[in-house]
Amino acid sequence: MMTELGPIICVVGARPNFMKMAPILRAMAAHTPPLPVLLVHTGQHYDKDMSDRLFEDLRLPRPDVNLEVGSATHAVQTAEVMRRFEPILDAHKPSCVVVVGDVNSTLACSLVAVKKGVPVAHIEAGLRSYDRAMPEEINRILTDQISDRLYLTERTAQDNLAREGIPAERVSFVGNVMIDSVVFGRANAPKAQSTLQAHKVDPKFLDHPAGYGVVTLHRPSNVDDADTLRALLGVLSEVAADLPLVFALHPRTRSNIDRFGLSDLIDPARMVMLPPQGYLDMLGLMAGATVVLTDSGGLQEETTALGVPCLTLRENTERPITVEQGTNILVGRDRSAILAAMQDILGGRGKRGRVPEFWDGRAAERIAADMHAWLTSLPFVSR
C-alpha cells in the first residue's frame, strides 16, 4: 500500500530562514513523489517591503499561515510563537515540522511539536560558537536535543552532536542549503553599480583601483554599546581611507548610530550608507567586492562560496569551516587585526580558500530524498 504523508510544516521566522527554506521547498516539490508542504511564517521579523523582495528574489511561495508574532523580548516572543503555533499543529496534523537555523521561532516551534509527539527535523544542526551569551547558541543546542532528524552543513558538526549525546543514526550530512540559494540566485544578481544607482548614489563611487568593500553589522554585542560601536565605526573609517565601503545598515544599527550621536564618524565620500538590501542586491554587492566585513553568520558562508575574503567582526564563529577551508578570518573588534588583514587583502594576499564539501547547490535535493525515506519509515506517520 502506498504511504501517504500528512503535510510537512516548514517554519520560517527571520530573514536568514527564507534563504534556507526556499531551496528546500523547491526540492520537496520536485521530489518523486512530491512532498506535501505547509509553509508557516511566524512573523518574528517582519518588514513588508523587505519580505516582498525576499519572496520575489528567492521565488519563494507565499506562506500558507502567518502567525504575525512581531518583535518582543526573547521570552515573550518565544512564548507567543508557541501559543500561536500549537493550533496549527492541531488543525493540520503534520507528518513532521521542519525548522532551520537558530532563531527563536526555531526553538519555539520545535518545543511545541515535540510535546505533541510530532517529529522535528532541524536543518543546519550541530553548529556551535561555544558562546552561551549568544541567544542563538541556546536555541541551537536545545533544538538539536529534541529533534528527531538533524541535517548538517559540515561534517565537524557531527562531533559537536556526539559530544552532546545525540546518536549518529539521527544525523545526516547533506551540505549547505544557504549555498543552494547562492547558486540559484547568482546569475540574476544585479551588479553593484546598478544597486547604487537605484539608491541615487553615483556608481563612480566604486571606481577605485582597489575596488570596494561591503559592511554589515547587526549583533547586539557590536551595536548596542556606544563605546563598542564608536570603536568599530572608527576602524571602518580607517579602512575606508584605503577602500571605499558600502555599508548595508541594519535598522538596529542605524538607530543606534543616531542615538549615540556617531554620524560624524561616517565620511559619505568614503562610506556609502544603504538601507537593508534585497537578497539578490546583497548577493551582487558581495560577489563584486574586494572584501566583506561583517558579524553575520550567513555572510561568512556566502563569501566562502563566492571566493570573496571575509573579515568577521566577532571573537568566535559557529561556522568554523569558513575559517578552516573558506575565505573567513576572525578579527573580532581588534583594530590592529582588522587593519593588518586589510593590508594583506589590498596587497593581493587575501584569503581565497576553497568551497567545502557538498556546498554545491544540491543540499536541498539530498534533504528531500532523506526526509521522504525517513518519514515513510515511521509507522505512525502513515495516514
# chains A, B, ... in the order shown; residues from 1 in each chain; ligands from 1

call {"tool": "select_by_dssp", "arguments": {"residues": "segment 2-209 of chain A", "states": "helix (DSSP H, G or I)", "output": "PyMOL selection string"}}
result
chain A and resi 15-30+48-58+74-92+104-115+135-146+156-163+168-170+177-188+192-198+203-206

call {"tool": "write_last_selection", "arguments": {"atoms": "C-alpha atoms", "output": "tab-separated table (two decimals), in the first residue's frame"}}
result
chain	number	residue	atom	x	y	z
A	15	ARG	CA	15.36	36.78	7.03
A	16	PRO	CA	18.08	34.05	7.01
A	17	ASN	CA	15.37	31.37	7.29
A	18	PHE	CA	13.94	32.41	3.92
A	19	MET	CA	17.26	31.83	2.11
A	20	LYS	CA	17.50	28.37	3.64
A	21	MET	CA	13.88	27.33	3.18
A	22	ALA	CA	13.41	28.43	-0.45
A	23	PRO	CA	15.56	25.67	-2.00
A	24	ILE	CA	14.06	23.09	0.38
A	25	LEU	CA	10.54	23.91	-0.79
A	26	ARG	CA	11.64	23.66	-4.45
A	27	ALA	CA	13.30	20.31	-3.78
A	28	MET	CA	10.25	18.93	-1.98
A	29	ALA	CA	8.01	19.97	-4.88
A	30	ALA	CA	10.39	18.38	-7.41
A	48	LYS	CA	6.51	44.25	4.35
A	49	ASP	CA	8.81	45.80	1.74
A	50	MET	CA	11.78	43.58	2.59
A	51	SER	CA	9.59	40.50	2.91
A	52	ASP	CA	8.04	41.09	-0.52
A	53	ARG	CA	11.52	41.47	-2.05
A	54	LEU	CA	12.71	38.25	-0.45
A	55	PHE	CA	9.78	36.23	-1.75
A	56	GLU	CA	10.36	37.60	-5.23
A	57	ASP	CA	14.16	37.20	-5.22
A	58	LEU	CA	14.05	33.65	-3.89
A	74	HIS	CA	13.16	36.69	23.84
A	75	ALA	CA	10.83	35.21	26.45
A	76	VAL	CA	7.67	36.93	25.22
A	77	GLN	CA	8.42	36.24	21.56
A	78	THR	CA	9.20	32.57	22.17
A	79	ALA	CA	6.06	32.13	24.27
A	80	GLU	CA	3.86	33.89	21.73
A	81	VAL	CA	5.16	31.75	18.84
A	82	MET	CA	4.41	28.63	20.89
A	83	ARG	CA	0.92	29.83	21.76
A	84	ARG	CA	0.02	30.63	18.15
A	85	PHE	CA	1.75	27.61	16.59
A	86	GLU	CA	0.01	24.92	18.64
A	87	PRO	CA	-3.42	25.34	16.95
A	88	ILE	CA	-1.73	24.99	13.55
A	89	LEU	CA	-0.46	21.53	14.54
A	90	ASP	CA	-3.91	20.57	15.83
A	91	ALA	CA	-5.61	21.71	12.64
A	92	HIS	CA	-3.23	20.16	10.07
A	104	ASN	CA	13.62	32.00	18.50
A	105	SER	CA	10.96	30.64	16.14
A	106	THR	CA	13.11	27.56	15.51
A	107	LEU	CA	13.22	26.60	19.18
A	108	ALA	CA	9.63	27.63	19.91
A	109	CYS	CA	8.06	25.57	17.12
A	110	SER	CA	10.29	22.60	17.91
A	111	LEU	CA	9.19	22.62	21.55
A	112	VAL	CA	5.51	22.68	20.61
A	113	ALA	CA	5.94	19.87	18.07
A	114	VAL	CA	7.92	17.52	20.28
A	115	LYS	CA	5.49	17.95	23.20
A	135	PRO	CA	20.77	33.69	22.35
A	136	GLU	CA	21.23	31.77	19.08
A	137	GLU	CA	23.60	29.34	20.77
A	138	ILE	CA	20.96	28.37	23.33
A	139	ASN	CA	18.41	27.92	20.54
A	140	ARG	CA	20.79	25.67	18.58
A	141	ILE	CA	21.68	23.43	21.50
A	142	LEU	CA	18.12	22.90	22.69
A	143	THR	CA	16.66	22.40	19.21
A	144	ASP	CA	19.26	19.74	18.43
A	145	GLN	CA	18.49	17.90	21.65
A	146	ILE	CA	14.80	17.49	20.86
A	156	THR	CA	32.59	18.57	12.05
A	157	ALA	CA	29.12	19.43	13.34
A	158	GLN	CA	28.60	15.71	13.97
A	159	ASP	CA	31.44	15.80	16.51
A	160	ASN	CA	29.57	18.51	18.41
A	161	LEU	CA	26.39	16.44	18.43
A	162	ALA	CA	28.22	13.28	19.50
A	163	ARG	CA	29.71	15.13	22.49
A	168	ALA	CA	24.71	9.17	14.78
A	169	GLU	CA	21.64	7.42	13.35
A	170	ARG	CA	19.63	10.64	13.83
A	177	VAL	CA	21.18	24.94	1.72
A	178	MET	CA	22.29	28.59	2.03
A	179	ILE	CA	24.67	27.86	-0.83
A	180	ASP	CA	21.80	26.38	-2.86
A	181	SER	CA	20.30	29.87	-2.82
A	182	VAL	CA	23.63	31.45	-3.80
A	183	VAL	CA	23.94	29.11	-6.79
A	184	PHE	CA	20.27	29.67	-7.71
A	185	GLY	CA	20.38	33.46	-7.43
A	186	ARG	CA	23.84	34.48	-8.59
A	187	ALA	CA	23.00	34.66	-12.30
A	188	ASN	CA	20.18	37.10	-11.57
A	192	ALA	CA	26.87	46.68	-7.56
A	193	GLN	CA	26.78	49.76	-9.82
A	194	SER	CA	23.08	49.14	-10.55
A	195	THR	CA	22.28	48.79	-6.86
A	196	LEU	CA	23.99	52.08	-6.02
A	197	GLN	CA	22.22	53.85	-8.89
A	198	ALA	CA	18.88	52.59	-7.59
A	203	PRO	CA	28.18	54.41	-9.35
A	204	LYS	CA	31.58	56.09	-9.85
A	205	PHE	CA	31.90	55.69	-6.07
A	206	LEU	CA	33.04	52.15	-6.91

call {"tool": "residues_around", "arguments": {"residues": "Leu67 of chain A", "least_positions_apart": "5", "cutoff": "7 Å", "atoms": "only C-alpha atoms", "output": "PyMOL selection string"}}
result
chain A and resi 41-43+84

call {"tool": "closest_residue", "arguments": {"among": "A:Val308, A:Leu299, A:Leu293, A:Ala368", "to": "Leu233 of chain A", "atoms": "only C-alpha atoms"}}
result
A:Leu293

call {"tool": "atom_distance", "arguments": {"atom1": "atom CA of Thr312 of chain A", "atom2": "atom CA of Gln300 of chain A"}}
result
7.3 Å

call {"tool": "residues_around", "arguments": {"residues": "Arg252 of chain A", "least_positions_apart": "3", "cutoff": "9 Å", "atoms": "only C-alpha atoms", "output": "compact mmCIF listing (two decimals) with C-alpha atoms, in the first residue's frame"}}
result
# COMPACT_ATOMS: atom_id res chain seq x y z
CA HIS A 218 23.76 43.93 13.48
CA ARG A 219 24.71 41.85 16.53
CA PRO A 220 23.77 43.45 19.86
CA VAL A 223 25.96 47.77 18.02
CA ASP A 224 24.11 48.18 21.33
CA LEU A 249 22.65 49.32 7.50
CA SER A 255 19.03 53.67 15.13
CA ASN A 256 22.00 53.29 17.48
CA ILE A 257 24.30 55.41 15.32
